[in-house]
file my_file.csv (CSV, C-alpha atoms)
chain,number,residue,atom,x,y,z
Z,1,MET,CA,-30.4,-14.2,6.2
Z,2,PRO,CA,-28.1,-12.2,4.0
Z,3,LEU,CA,-27.1,-13.6,0.6
Z,4,ARG,CA,-23.4,-13.5,-0.3
Z,5,HIS,CA,-21.6,-13.2,-3.6
Z,6,THR,CA,-19.1,-15.8,-4.5
Z,7,ILE,CA,-15.9,-14.1,-3.2
Z,8,SER,CA,-13.1,-16.5,-4.2
Z,9,GLY,CA,-9.9,-14.6,-4.7
Z,10,ARG,CA,-10.9,-11.7,-2.5
Z,11,GLY,CA,-9.5,-10.6,0.9
Z,12,ALA,CA,-12.5,-9.3,2.8
Z,13,VAL,CA,-15.3,-11.7,3.5
Z,14,SER,CA,-18.1,-9.0,3.9
Z,15,ASN,CA,-19.2,-5.7,2.5
Z,16,ASP,CA,-20.9,-3.8,5.3
Z,17,ALA,CA,-22.1,-0.3,4.5
Z,18,GLY,CA,-19.6,2.5,4.9
Z,19,ARG,CA,-19.8,4.6,8.0
Z,20,TYR,CA,-21.4,7.4,6.0
Z,21,GLU,CA,-24.1,5.2,4.4
Z,22,ALA,CA,-27.6,4.8,5.8
Z,23,TYR,CA,-28.4,1.3,4.3
Z,24,ALA,CA,-26.7,-2.1,4.3
Z,25,HIS,CA,-25.2,-3.5,1.1
Z,26,GLU,CA,-26.2,-7.1,1.6
Z,27,ALA,CA,-29.0,-8.7,-0.4
Z,28,VAL,CA,-31.6,-10.3,1.9
Z,29,ASP,CA,-33.4,-13.6,1.4
Z,30,ASP,CA,-37.1,-12.7,0.9
Z,31,GLY,CA,-38.4,-16.1,1.8
Z,32,TRP,CA,-38.8,-17.7,-1.6
Z,33,GLU,CA,-37.5,-21.3,-1.9
Z,34,ASP,CA,-34.2,-22.1,-3.5
Z,35,PRO,CA,-33.0,-18.5,-4.1
Z,36,GLU,CA,-30.4,-18.3,-6.9
Z,37,PRO,CA,-26.8,-17.6,-5.7
Z,38,LEU,CA,-25.4,-14.2,-6.4
Z,39,PRO,CA,-22.9,-14.0,-9.3
Z,40,PRO,CA,-19.2,-13.9,-8.7
Z,41,LEU,CA,-18.0,-10.4,-7.6
Z,42,ARG,CA,-16.3,-8.7,-10.6
Z,43,THR,CA,-13.9,-5.7,-10.5
Z,44,SER,CA,-15.3,-2.5,-11.9
Z,45,VAL,CA,-13.4,0.7,-12.5
Z,46,ARG,CA,-14.7,4.2,-13.0
Z,47,ASP,CA,-12.8,7.4,-13.8
Z,48,GLU,CA,-12.4,10.4,-11.6
Z,49,VAL,CA,-11.3,13.9,-12.8
Z,50,ALA,CA,-8.7,14.9,-10.3
Z,51,LYS,CA,-8.6,18.6,-9.3
Z,52,SER,CA,-5.4,18.2,-7.3
Z,53,LEU,CA,-3.0,15.3,-6.9
Z,54,ILE,CA,-0.3,16.0,-4.3
Z,55,THR,CA,-1.6,15.3,-0.8
Z,56,TYR,CA,0.4,16.9,2.1
Z,57,ASN,CA,0.7,15.5,5.6
Z,58,LYS,CA,2.3,16.6,8.9
Z,59,SER,CA,2.5,13.2,10.6
Z,60,PRO,CA,5.7,12.7,12.6
Z,61,ASP,CA,5.3,8.9,12.0
Z,62,LEU,CA,6.0,9.3,8.2
Z,63,PRO,CA,9.3,10.0,6.5
Z,64,PHE,CA,7.7,12.1,3.8
Z,65,ASP,CA,5.3,15.1,3.8
Z,66,ARG,CA,3.6,14.6,0.4
Z,67,SER,CA,2.3,11.8,-1.7
Z,68,ILE,CA,0.4,11.0,-4.8
Z,69,ASN,CA,-2.1,8.1,-5.6
Z,70,PRO,CA,-3.2,7.4,-9.2
Z,71,TYR,CA,-6.0,5.1,-8.0
Z,72,ARG,CA,-8.5,4.8,-5.1
Z,73,GLY,CA,-9.2,1.3,-3.9
Z,74,CYS,CA,-6.9,-1.7,-4.5
Z,75,GLU,CA,-7.5,-5.0,-6.3
Z,76,HIS,CA,-4.7,-6.7,-4.4
Z,77,GLY,CA,-7.3,-7.2,-1.7
Z,78,CYS,CA,-4.9,-7.3,1.3
Z,79,VAL,CA,-7.4,-7.8,4.1
Z,80,TYR,CA,-5.2,-6.0,6.6
Z,81,CYS,CA,-4.8,-2.8,4.5
Z,82,PHE,CA,-5.0,0.3,6.6
Z,83,ALA,CA,-6.2,2.3,3.6
Z,84,ARG,CA,-9.6,0.5,3.4
Z,85,PRO,CA,-11.5,3.1,5.6
Z,86,THR,CA,-10.7,5.8,3.0
Z,87,HIS,CA,-13.4,4.2,0.7
Z,88,ALA,CA,-16.0,5.4,3.1
Z,89,TYR,CA,-15.4,8.9,1.9
Z,90,LEU,CA,-16.6,7.8,-1.5
Z,91,GLY,CA,-19.9,6.4,-0.1
Z,92,LEU,CA,-18.5,2.8,-0.5
Z,93,SER,CA,-17.6,0.0,1.8
Z,94,ALA,CA,-14.2,-0.6,3.3
Z,95,GLY,CA,-14.8,-4.3,2.7
Z,96,LEU,CA,-15.4,-5.9,-0.7
Z,97,ASP,CA,-16.0,-2.5,-2.4
Z,98,PHE,CA,-12.5,-1.4,-1.6
Z,99,GLU,CA,-11.0,-4.2,-3.7
Z,100,THR,CA,-13.8,-4.5,-6.4
Z,101,ARG,CA,-15.0,-0.9,-7.0
Z,102,LEU,CA,-11.9,1.0,-8.0
Z,103,ILE,CA,-11.4,4.6,-9.1
Z,104,ALA,CA,-8.8,5.6,-11.7
Z,105,ARG,CA,-7.6,9.2,-12.1
Z,106,PRO,CA,-6.5,9.4,-15.8
Z,107,ASN,CA,-5.7,13.1,-15.7
Z,108,ALA,CA,-3.3,12.6,-12.8
Z,109,PRO,CA,-0.1,13.1,-14.9
Z,110,ASP,CA,-1.4,16.4,-16.2
Z,111,VAL,CA,-2.4,17.6,-12.8
Z,112,LEU,CA,0.9,16.6,-11.4
Z,113,ALA,CA,2.8,18.5,-14.1
Z,114,ARG,CA,0.7,21.6,-13.4
Z,115,GLU,CA,1.3,21.4,-9.6
Z,116,LEU,CA,5.1,20.9,-10.1
Z,117,SER,CA,5.2,23.8,-12.5
Z,118,SER,CA,3.7,26.3,-10.0
Z,119,ALA,CA,6.2,29.0,-8.9
Z,120,ARG,CA,5.0,28.3,-5.3
Z,121,TYR,CA,6.0,24.7,-5.4
Z,122,LYS,CA,9.0,23.7,-3.1
Z,123,VAL,CA,10.6,20.4,-4.0
Z,124,ALA,CA,10.8,17.5,-1.6
Z,125,PRO,CA,10.6,13.7,-2.2
Z,126,ILE,CA,7.1,12.5,-3.2
Z,127,ALA,CA,5.8,9.2,-2.0
Z,128,LEU,CA,4.0,7.0,-4.5
Z,129,GLY,CA,1.8,4.1,-3.3
Z,130,THR,CA,1.3,5.1,0.3
Z,131,ASN,CA,-2.5,4.6,0.2
Z,132,THR,CA,-3.2,2.2,-2.6
Z,133,ASP,CA,-0.7,0.2,-4.7
Z,134,PRO,CA,0.3,2.1,-7.8
Z,135,TYR,CA,1.1,-1.2,-9.5
Z,136,GLN,CA,-2.1,-3.0,-8.8
Z,137,PRO,CA,-3.5,-5.1,-11.8
Z,138,ILE,CA,-5.4,-2.3,-13.5
Z,139,GLU,CA,-2.2,-0.3,-14.0
Z,140,LYS,CA,-1.3,-2.9,-16.7
Z,141,THR,CA,-3.9,-1.4,-19.0
Z,142,ARG,CA,-4.3,2.1,-17.7
Z,143,SER,CA,-0.6,3.1,-17.2
Z,144,ILE,CA,-1.4,6.1,-15.1
Z,145,THR,CA,1.5,5.3,-12.7
Z,146,ARG,CA,3.9,5.1,-15.6
Z,147,ALA,CA,2.7,8.5,-17.0
Z,148,CYS,CA,3.2,10.1,-13.5
Z,149,LEU,CA,6.7,8.7,-13.4
Z,150,GLU,CA,7.4,10.2,-16.8
Z,151,VAL,CA,6.4,13.6,-15.4
Z,152,LEU,CA,8.6,13.2,-12.3
Z,153,ARG,CA,11.5,12.1,-14.6
Z,154,ASP,CA,11.0,15.2,-16.8
Z,155,PHE,CA,11.2,17.4,-13.7
Z,156,ASN,CA,14.1,15.5,-12.1
Z,157,HIS,CA,11.9,15.1,-9.1
Z,158,PRO,CA,12.7,12.6,-6.3
Z,159,VAL,CA,10.2,9.8,-5.7
Z,160,ALA,CA,9.9,7.0,-3.2
Z,161,ILE,CA,7.7,4.1,-4.3
Z,162,VAL,CA,6.0,1.5,-2.2
Z,163,THR,CA,4.5,-1.6,-3.9
Z,164,LYS,CA,3.9,-5.3,-3.9
Z,165,GLY,CA,3.4,-5.3,-7.7
Z,166,ALA,CA,5.7,-7.1,-10.1
Z,167,LEU,CA,4.5,-4.7,-12.8
Z,168,ILE,CA,7.1,-2.1,-11.5
Z,169,GLU,CA,9.6,-4.1,-13.6
Z,170,ARG,CA,8.0,-2.7,-16.7
Z,171,ASP,CA,9.1,0.8,-15.7
Z,172,ILE,CA,12.8,0.0,-15.1
Z,173,ASP,CA,13.6,2.0,-18.2
Z,174,ILE,CA,12.4,5.1,-16.4
Z,175,LEU,CA,13.5,4.2,-12.9
Z,176,ALA,CA,17.1,3.0,-13.6
Z,177,PRO,CA,18.2,6.4,-15.1
Z,178,MET,CA,16.5,8.2,-12.2
Z,179,ALA,CA,18.2,6.0,-9.7
Z,180,ALA,CA,21.6,6.7,-11.3
Z,181,LEU,CA,20.9,10.4,-10.4
Z,182,GLY,CA,19.8,9.6,-6.8
Z,183,LEU,CA,16.2,10.4,-7.5
Z,184,VAL,CA,14.4,7.1,-6.7
Z,185,ARG,CA,14.1,4.4,-4.0
Z,186,VAL,CA,11.7,1.5,-4.0
Z,187,GLY,CA,10.1,-0.3,-1.0
Z,188,ILE,CA,8.8,-3.8,-1.6
Z,189,SER,CA,6.4,-5.1,1.0
Z,190,LEU,CA,7.1,-8.7,2.1
Z,191,THR,CA,4.6,-10.0,4.6
Z,192,THR,CA,5.2,-13.8,4.6
Z,193,LEU,CA,7.1,-16.4,2.8
Z,194,ASP,CA,4.2,-18.8,3.1
Z,195,SER,CA,2.5,-18.7,-0.4
Z,196,GLY,CA,-0.7,-20.3,0.9
Z,197,LEU,CA,-1.1,-17.8,3.7
Z,198,SER,CA,-0.3,-15.0,1.3
Z,199,ARG,CA,-2.9,-16.1,-1.2
Z,200,ARG,CA,-5.6,-16.0,1.4
Z,201,MET,CA,-4.5,-12.8,3.1
Z,202,GLU,CA,-3.4,-10.7,0.1
Z,203,PRO,CA,-5.2,-12.7,-2.7
Z,204,ARG,CA,-4.4,-10.7,-5.8
Z,205,ALA,CA,-0.9,-9.5,-4.9
Z,206,PRO,CA,2.1,-11.3,-6.4
Z,207,ALA,CA,3.3,-14.4,-4.5
Z,208,PRO,CA,6.2,-14.0,-2.1
Z,209,LYS,CA,8.8,-15.6,-4.4
Z,210,ARG,CA,7.6,-13.3,-7.2
Z,211,ARG,CA,8.2,-10.2,-5.0
Z,212,LEU,CA,11.7,-11.5,-4.2
Z,213,ARG,CA,12.3,-11.8,-8.0
Z,214,THR,CA,11.2,-8.2,-8.4
Z,215,ILE,CA,13.7,-7.0,-5.7
Z,216,ARG,CA,16.4,-8.9,-7.6
Z,217,LYS,CA,15.5,-7.4,-11.0
Z,218,LEU,CA,15.3,-3.8,-9.6
Z,219,THR,CA,18.6,-4.0,-7.7
Z,220,GLN,CA,20.4,-5.6,-10.7
Z,221,ALA,CA,19.3,-2.5,-12.7
Z,222,GLY,CA,20.8,-0.2,-10.0
Z,223,ILE,CA,17.6,0.7,-8.3
Z,224,PRO,CA,17.9,0.7,-4.5
Z,225,VAL,CA,15.3,-1.4,-2.7
Z,226,ARG,CA,14.1,-1.6,0.9
Z,227,VAL,CA,12.5,-4.8,2.0
Z,228,MET,CA,9.5,-3.8,4.1
Z,229,THR,CA,8.4,-6.5,6.6
Z,230,SER,CA,5.0,-5.0,7.0
Z,231,PRO,CA,2.8,-5.7,8.6
Z,232,ILE,CA,4.1,-8.0,11.2
Z,233,ILE,CA,1.2,-10.0,12.5
Z,234,PRO,CA,1.6,-11.4,16.1
Z,235,GLY,CA,0.8,-15.0,16.3
Z,236,LEU,CA,0.6,-15.5,12.6
Z,237,THR,CA,3.7,-14.1,10.7
Z,238,ASP,CA,5.9,-12.8,13.5
Z,239,HIS,CA,8.0,-16.0,13.6
Z,240,GLU,CA,9.1,-15.2,10.0
Z,241,LEU,CA,10.8,-11.9,10.7
Z,242,GLU,CA,14.4,-13.0,10.4
Z,243,ALA,CA,13.6,-15.2,7.4
Z,244,LEU,CA,11.9,-12.3,5.6
Z,245,LEU,CA,14.9,-10.0,6.2
Z,246,GLU,CA,17.4,-12.7,5.0
Z,247,ALA,CA,15.4,-13.4,1.9
Z,248,GLY,CA,15.2,-9.7,1.1
Z,249,ARG,CA,18.9,-9.3,1.6
Z,250,ASP,CA,19.7,-12.3,-0.6
Z,251,ALA,CA,17.5,-10.8,-3.3
Z,252,GLY,CA,19.5,-7.6,-3.2
Z,253,ALA,CA,17.8,-5.2,-0.8
Z,254,ASP,CA,20.1,-2.9,1.0
Z,255,ALA,CA,17.7,-1.6,3.7
Z,256,ALA,CA,14.8,-2.8,5.8
Z,257,SER,CA,11.9,-1.6,7.9
Z,258,TRP,CA,8.9,-3.0,9.9
Z,259,ILE,CA,5.5,-2.0,11.0
Z,260,MET,CA,3.1,-3.9,13.3
Z,261,LEU,CA,-0.4,-4.8,12.1
Z,262,ARG,CA,-2.7,-1.8,12.3
Z,263,LEU,CA,-6.5,-2.0,12.6
Z,264,PRO,CA,-8.0,1.4,12.2
Z,265,ARG,CA,-11.8,1.9,12.0
Z,266,GLU,CA,-13.5,-0.8,9.8
Z,267,VAL,CA,-10.3,-2.8,9.4
Z,268,SER,CA,-10.6,-4.3,12.8
Z,269,GLN,CA,-13.9,-5.9,12.0
Z,270,LEU,CA,-12.8,-7.0,8.6
Z,271,TRP,CA,-9.6,-8.5,10.0
Z,272,GLN,CA,-11.5,-10.4,12.8
Z,273,GLU,CA,-13.9,-11.8,10.2
Z,274,TRP,CA,-11.0,-13.0,8.1
Z,275,LEU,CA,-9.4,-14.7,11.1
Z,276,SER,CA,-12.7,-16.5,11.9
Z,277,GLU,CA,-12.9,-17.7,8.3
Z,278,HIS,CA,-9.3,-18.6,7.6
Z,279,GLU,CA,-7.4,-18.9,10.9
Z,280,PRO,CA,-10.0,-19.7,13.7
Z,281,GLY,CA,-7.5,-21.5,15.8
Z,282,ARG,CA,-5.2,-18.5,16.0
Z,283,ALA,CA,-7.7,-15.7,16.2
Z,284,GLU,CA,-7.8,-15.4,20.0
Z,285,LYS,CA,-4.0,-15.3,20.3
Z,286,VAL,CA,-3.6,-12.8,17.5
Z,287,MET,CA,-6.1,-10.4,18.9
Z,288,ALA,CA,-4.8,-10.8,22.5
Z,289,ARG,CA,-1.3,-9.8,21.4
Z,290,LEU,CA,-2.6,-6.8,19.5
Z,291,ARG,CA,-4.7,-5.6,22.4
Z,292,GLU,CA,-1.8,-6.1,24.7
Z,293,MET,CA,0.2,-3.6,22.6
Z,294,HIS,CA,-2.6,-1.0,22.5
Z,295,GLY,CA,-3.8,-0.8,26.1
Z,296,GLY,CA,-6.6,-3.3,25.7
Z,297,ARG,CA,-7.9,-1.8,22.4
Z,298,ASP,CA,-7.7,-3.3,18.9
Z,299,TYR,CA,-5.8,-0.2,17.8
Z,300,ASP,CA,-4.4,3.0,19.3
Z,301,PRO,CA,-4.1,5.8,16.6
Z,302,ARG,CA,-1.7,8.0,18.6
Z,303,TRP,CA,1.3,9.4,16.8
Z,304,GLY,CA,4.5,7.7,17.9
Z,305,HIS,CA,2.5,4.7,18.9
Z,306,ARG,CA,0.3,3.5,16.1
Z,307,MET,CA,3.0,2.0,13.9
Z,308,ARG,CA,4.5,-0.4,16.5
Z,309,GLY,CA,2.6,-0.5,19.7
Z,310,GLU,CA,4.2,-0.7,23.1
Z,311,GLY,CA,4.9,-3.1,25.8
Z,312,VAL,CA,7.0,-6.3,26.2
Z,313,TYR,CA,5.9,-8.0,23.0
Z,314,ALA,CA,6.5,-4.9,20.8
Z,315,GLU,CA,9.9,-4.3,22.4
Z,316,MET,CA,10.8,-8.0,21.8
Z,317,VAL,CA,10.0,-7.6,18.0
Z,318,ALA,CA,12.0,-4.4,17.9
Z,319,LYS,CA,15.0,-6.1,19.4
Z,320,ARG,CA,14.7,-9.1,17.0
Z,321,PHE,CA,14.6,-6.7,14.1
Z,322,LYS,CA,17.6,-4.7,15.3
Z,323,SER,CA,19.6,-7.9,15.8
Z,324,ALA,CA,18.6,-9.4,12.4
Z,325,ILE,CA,19.5,-6.3,10.3
Z,326,ALA,CA,22.9,-6.1,12.0
Z,327,ARG,CA,23.5,-9.8,11.2
Z,328,PHE,CA,22.3,-9.4,7.5
Z,329,GLY,CA,24.0,-6.1,6.9
Z,330,LEU,CA,20.8,-4.2,6.2
Z,331,ALA,CA,20.4,-0.4,6.8
Z,332,THR,CA,17.5,1.4,8.3
Z,333,THR,CA,18.5,4.8,7.1
Z,334,THR,CA,19.5,5.5,3.5
Z,335,PRO,CA,21.0,8.4,1.6
Z,336,LYS,CA,18.5,11.2,1.1
Z,337,LEU,CA,17.0,11.5,-2.4
Z,338,ARG,CA,18.4,14.4,-4.3
Z,339,CYS,CA,16.3,17.6,-4.6
Z,340,ASP,CA,19.0,19.8,-6.1
Z,341,LEU,CA,18.4,18.5,-9.7
Z,342,PHE,CA,14.7,19.6,-9.8
Z,343,ALA,CA,14.0,21.8,-12.8
Z,344,ARG,CA,10.8,22.7,-14.6
Z,345,PRO,CA,11.2,21.6,-18.2
Z,346,ALA,CA,10.7,24.2,-20.9
Z,347,ARG,CA,7.2,24.2,-22.5
Z,348,ALA,CA,6.1,25.2,-25.9
Z,349,GLY,CA,5.8,29.0,-26.0
Z,350,ASP,CA,8.3,29.6,-23.2
Z,351,GLN,CA,10.9,32.3,-23.8
Z,352,LEU,CA,14.3,30.7,-23.8
Z,353,SER,CA,17.0,32.3,-21.7
Z,354,LEU,CA,19.4,34.6,-23.6
Z,355,PHE,CA,22.3,33.2,-21.5
Z,356,GLN,CA,22.0,29.5,-22.5
call {"tool": "encode", "arguments": {"input": "my_file.csv", "output": "structure tokens"}}
result
Amino acid sequence: MPLRHTISGRGAVSNDAGRYEAYAHEAVDDGWEDPEPLPPLRTSVRDEVAKSLITYNKSPDLPFDRSINPYRGCEHGCVYCFARPTHAYLGLSAGLDFETRLIARPNAPDVLARELSSARYKVAPIALGTNTDPYQPIEKTRSITRACLEVLRDFNHPVAIVTKGALIERDIDILAPMAALGLVRVGISLTTLDSGLSRRMEPRAPAPKRRLRTIRKLTQAGIPVRVMTSPIIPGLTDHELEALLEAGRDAGADAASWIMLRLPREVSQLWQEWLSEHEPGRAEKVMARLREMHGGRDYDPRWGHRMRGEGVYAEMVAKRFKSAIARFGLATTTPKLRCDLFARPARAGDQLSLFQ
């Protein structure tokens, strides 16, 4: 039988080989008596030299067409994370590898400055944190996200940030002046108010009360915040929708959004393993609801469908959300971030304009 690492404080409960790998990751008992347990699973980080940073997309489901990610993998360990399958492209598992074998991109700020300086570049808001959290724990020592924000500030470039990390408070000195110019908006993901469930489901992310404190600190500094009730998990967190929105509003958020739980590729297996381990009594109901919204499948990746599903249950959640935001005075659309202030800063050796 396979031997398992001690995985306390991790989201995934397995580490199956990625879909491009030929061999399994699990150690196997060779038959000797009393095999020693494997050591606790530690986080490791290696550096990657980025050749490009801005990633473009044409998805009609997304409100942005470009994004940047300073890190690959995420130590927050949210078991439901839709980005987990991207680790397969690195020859790693979407399971425990995704949250323990991280990739940092220390030259990201320099690459970003180079790409923004190109004469061909056309300004539009950049999304930061769409794949992995830019304020996950390793940012505390690496500060790559902060350095990227400094570049965006120097170019007066609009940015939309999505995070669970309280570390974003460190960068209020950059974000507040940008917000005053209409250049930044932050989304804080709030999945549940149950601290016990949060610790099991998103083990290294800040606790719900801590995220609400972050919303309060950001908004008090003049930084607009959207509370993102994402993902909504049928049969597990869906009953909290109104409470989440109210708590976000009370902390200072002025807008809200929601997305239903998504289970692309390997995430479906990882999620069902987690349910069996942590919520066995609810597993059948949760999966039945999800399949009901996706034509009997665990997930349907079609554009216009994948974010919220369809059917009676999905429509009911949408109506509840609409009613709640009206009651709490939360918006779904917000003023567009400004693009007219974008300017490439002068560099050493540049010829100054004679007309300044």
call {"tool": "atom_distance", "arguments": {"input": "my_file.csv", "atom1": "CA of Asp133 in chain Z", "atom2": "CA of Val317 in chain Z"}}
result
26.3 Å
call {"tool": "closest_residue", "arguments": {"input": "my_file.csv", "among": "Z:Phe321, Z:Tyr121, Z:Phe64, Z:Tyr71", "to": "Arg105 in chain Z", "atoms": "all atoms listed in the file"}}
result
Z:Tyr71
call {"tool": "residues_around", "arguments": {"input": "my_file.csv", "residues": "Glu169 in chain Z", "least_positions_apart": "3", "cutoff": "12 Å", "atoms": "only C-alpha atoms", "output": "PDB file with C-alpha atoms, in the frame of the given file"}}
result
ATOM      1  CA  TYR Z 135       1.100  -1.200  -9.500  1.00  0.00           C
ATOM      2  CA  LYS Z 140      -1.300  -2.900 -16.700  1.00  0.00           C
ATOM      3  CA  ARG Z 146       3.900   5.100 -15.600  1.00  0.00           C
ATOM      4  CA  THR Z 163       4.500  -1.600  -3.900  1.00  0.00           C
ATOM      5  CA  LYS Z 164       3.900  -5.300  -3.900  1.00  0.00           C
ATOM      6  CA  GLY Z 165       3.400  -5.300  -7.700  1.00  0.00           C
ATOM      7  CA  ALA Z 166       5.700  -7.100 -10.100  1.00  0.00           C
ATOM      8  CA  ILE Z 172      12.800   0.000 -15.100  1.00  0.00           C
ATOM      9  CA  ASP Z 173      13.600   2.000 -18.200  1.00  0.00           C
ATOM     10  CA  ILE Z 174      12.400   5.100 -16.400  1.00  0.00           C
ATOM     11  CA  LEU Z 175      13.500   4.200 -12.900  1.00  0.00           C
ATOM     12  CA  ALA Z 176      17.100   3.000 -13.600  1.00  0.00           C
ATOM     13  CA  VAL Z 186      11.700   1.500  -4.000  1.00  0.00           C
ATOM     14  CA  ARG Z 210       7.600 -13.300  -7.200  1.00  0.00           C
ATOM     15  CA  ARG Z 211       8.200 -10.200  -5.000  1.00  0.00           C
ATOM     16  CA  ARG Z 213      12.300 -11.800  -8.000  1.00  0.00           C
ATOM     17  CA  THR Z 214      11.200  -8.200  -8.400  1.00  0.00           C
ATOM     18  CA  ILE Z 215      13.700  -7.000  -5.700  1.00  0.00           C
ATOM     19  CA  ARG Z 216      16.400  -8.900  -7.600  1.00  0.00           C
ATOM     20  CA  LYS Z 217      15.500  -7.400 -11.000  1.00  0.00           C
ATOM     21  CA  LEU Z 218      15.300  -3.800  -9.600  1.00  0.00           C
ATOM     22  CA  THR Z 219      18.600  -4.000  -7.700  1.00  0.00           C
ATOM     23  CA  GLN Z 220      20.400  -5.600 -10.700  1.00  0.00           C
ATOM     24  CA  ALA Z 221      19.300  -2.500 -12.700  1.00  0.00           C
ATOM     25  CA  ILE Z 223      17.600   0.700  -8.300  1.00  0.00           C
TER      26      ILE Z 223
END
call {"tool": "closest_residue", "arguments": {"input": "my_file.csv", "among": "Z:Ile233, Z:Ile68, Z:Ala247, Z:Ala207", "to": "Leu152 in chain Z", "atoms": "only C-alpha atoms"}}
result
Z:Ile68
call {"tool": "closest_atom_pairs", "arguments": {"input": "my_file.csv", "of": "range 262-306 of chain Z", "to": "range 79-85 of chain Z", "cutoff": "8 Å", "atoms": "only C-alpha atoms", "output": "tab-separated table"}}
result
residue	atom	partner	partner_atom	distance
Z:Arg262	CA	Z:Phe82	CA	6.5
Z:Leu263	CA	Z:Phe82	CA	6.6
Z:Pro264	CA	Z:Phe82	CA	6.4
Z:Arg265	CA	Z:Pro85	CA	6.5
Z:Glu266	CA	Z:Pro85	CA	6.1
Z:Val267	CA	Z:Tyr80	CA	6.6
Z:Leu270	CA	Z:Val79	CA	7.1
Z:Trp271	CA	Z:Tyr80	CA	6.1
Z:Trp274	CA	Z:Val79	CA	7.5
call {"tool": "atom_distance", "arguments": {"input": "my_file.csv", "atom1": "CA of Pro335 in chain Z", "atom2": "CA of Gly182 in chain Z"}}
result
8.6 Å
call {"tool": "residues_around", "arguments": {"input": "my_file.csv", "residues": "Glu284 in chain Z", "least_positions_apart": "5", "cutoff": "10 Å", "atoms": "only C-alpha atoms", "output": "CSV table (one decimal) with C-alpha atoms, in the coordinates of the input"}}
result
chain,number,residue,atom,x,y,z
Z,235,GLY,CA,0.8,-15.0,16.3
Z,272,GLN,CA,-11.5,-10.4,12.8
Z,275,LEU,CA,-9.4,-14.7,11.1
Z,276,SER,CA,-12.7,-16.5,11.9
Z,279,GLU,CA,-7.4,-18.9,10.9
Z,289,ARG,CA,-1.3,-9.8,21.4
call {"tool": "closest_residue", "arguments": {"input": "my_file.csv", "among": "Z:Arg10, Z:Ala50, Z:Leu90, Z:Lys58", "to": "Trp303 in chain Z", "atoms": "only C-alpha atoms"}}
result
Z:Lys58
call {"tool": "atom_distance", "arguments": {"input": "my_file.csv", "atom1": "CA of Ala253 in chain Z", "atom2": "CA of Pro224 in chain Z"}}
result
7.0 Å
call {"tool": "closest_residue", "arguments": {"input": "my_file.csv", "among": "Z:Ile188, Z:Leu149, Z:Ile126, Z:Ala314", "to": "Arg170 in chain Z", "atoms": "all atoms listed in the file"}}
result
Z:Leu149
call {"tool": "closest_residue", "arguments": {"input": "my_file.csv", "among": "Z:Pro345, Z:Met287, Z:Gly252, Z:Cys78", "to": "Ser230 in chain Z", "atoms": "only C-alpha atoms"}}
result
Z:Cys78
call {"tool": "residues_around", "arguments": {"input": "my_file.csv", "residues": "Gly187 in chain Z", "least_positions_apart": "2", "cutoff": "10 Å", "atoms": "only C-alpha atoms", "output": "PyMOL selection string"}}
result
chain Z and resi 129+160-164+185+189-190+215+224-229+253+255-257
call {"tool": "write_last_selection", "arguments": {"input": "my_file.csv", "atoms": "C-alpha atoms", "output": "PDB file, in the coordinates of the input"}}
result
ATOM      1  CA  GLY Z 129       1.800   4.100  -3.300  1.00  0.00           C
ATOM      2  CA  ALA Z 160       9.900   7.000  -3.200  1.00  0.00           C
ATOM      3  CA  ILE Z 161       7.700   4.100  -4.300  1.00  0.00           C
ATOM      4  CA  VAL Z 162       6.000   1.500  -2.200  1.00  0.00           C
ATOM      5  CA  THR Z 163       4.500  -1.600  -3.900  1.00  0.00           C
ATOM      6  CA  LYS Z 164       3.900  -5.300  -3.900  1.00  0.00           C
ATOM      7  CA  ARG Z 185      14.100   4.400  -4.000  1.00  0.00           C
ATOM      8  CA  SER Z 189       6.400  -5.100   1.000  1.00  0.00           C
ATOM      9  CA  LEU Z 190       7.100  -8.700   2.100  1.00  0.00           C
ATOM     10  CA  ILE Z 215      13.700  -7.000  -5.700  1.00  0.00           C
ATOM     11  CA  PRO Z 224      17.900   0.700  -4.500  1.00  0.00           C
ATOM     12  CA  VAL Z 225      15.300  -1.400  -2.700  1.00  0.00           C
ATOM     13  CA  ARG Z 226      14.100  -1.600   0.900  1.00  0.00           C
ATOM     14  CA  VAL Z 227      12.500  -4.800   2.000  1.00  0.00           C
ATOM     15  CA  MET Z 228       9.500  -3.800   4.100  1.00  0.00           C
ATOM     16  CA  THR Z 229       8.400  -6.500   6.600  1.00  0.00           C
ATOM     17  CA  ALA Z 253      17.800  -5.200  -0.800  1.00  0.00           C
ATOM     18  CA  ALA Z 255      17.700  -1.600   3.700  1.00  0.00           C
ATOM     19  CA  ALA Z 256      14.800  -2.800   5.800  1.00  0.00           C
ATOM     20  CA  SER Z 257      11.900  -1.600   7.900  1.00  0.00           C
TER      21      SER Z 257
END
call {"tool": "closest_residue", "arguments": {"input": "my_file.csv", "among": "Z:Leu244, Z:Ala147, Z:Met293, Z:Ile168", "to": "Met316 in chain Z", "atoms": "all atoms listed in the file"}}
result
Z:Met293
call {"tool": "residues_near_point", "arguments": {"input": "my_file.csv", "point": "(-8.0, 13.6, -16.6)", "cutoff": "9 Å", "atoms": "all atoms listed in the file", "output": "ChimeraX atom specification"}}
result
/Z:47-51,105-111
call {"tool": "residues_around", "arguments": {"input": "my_file.csv", "residues": "Gly73 in chain Z", "least_positions_apart": "2", "cutoff": "8 Å", "atoms": "only C-alpha atoms", "output": "PyMOL selection string"}}
result
chain Z and resi 71+75+84+87+97-103+132
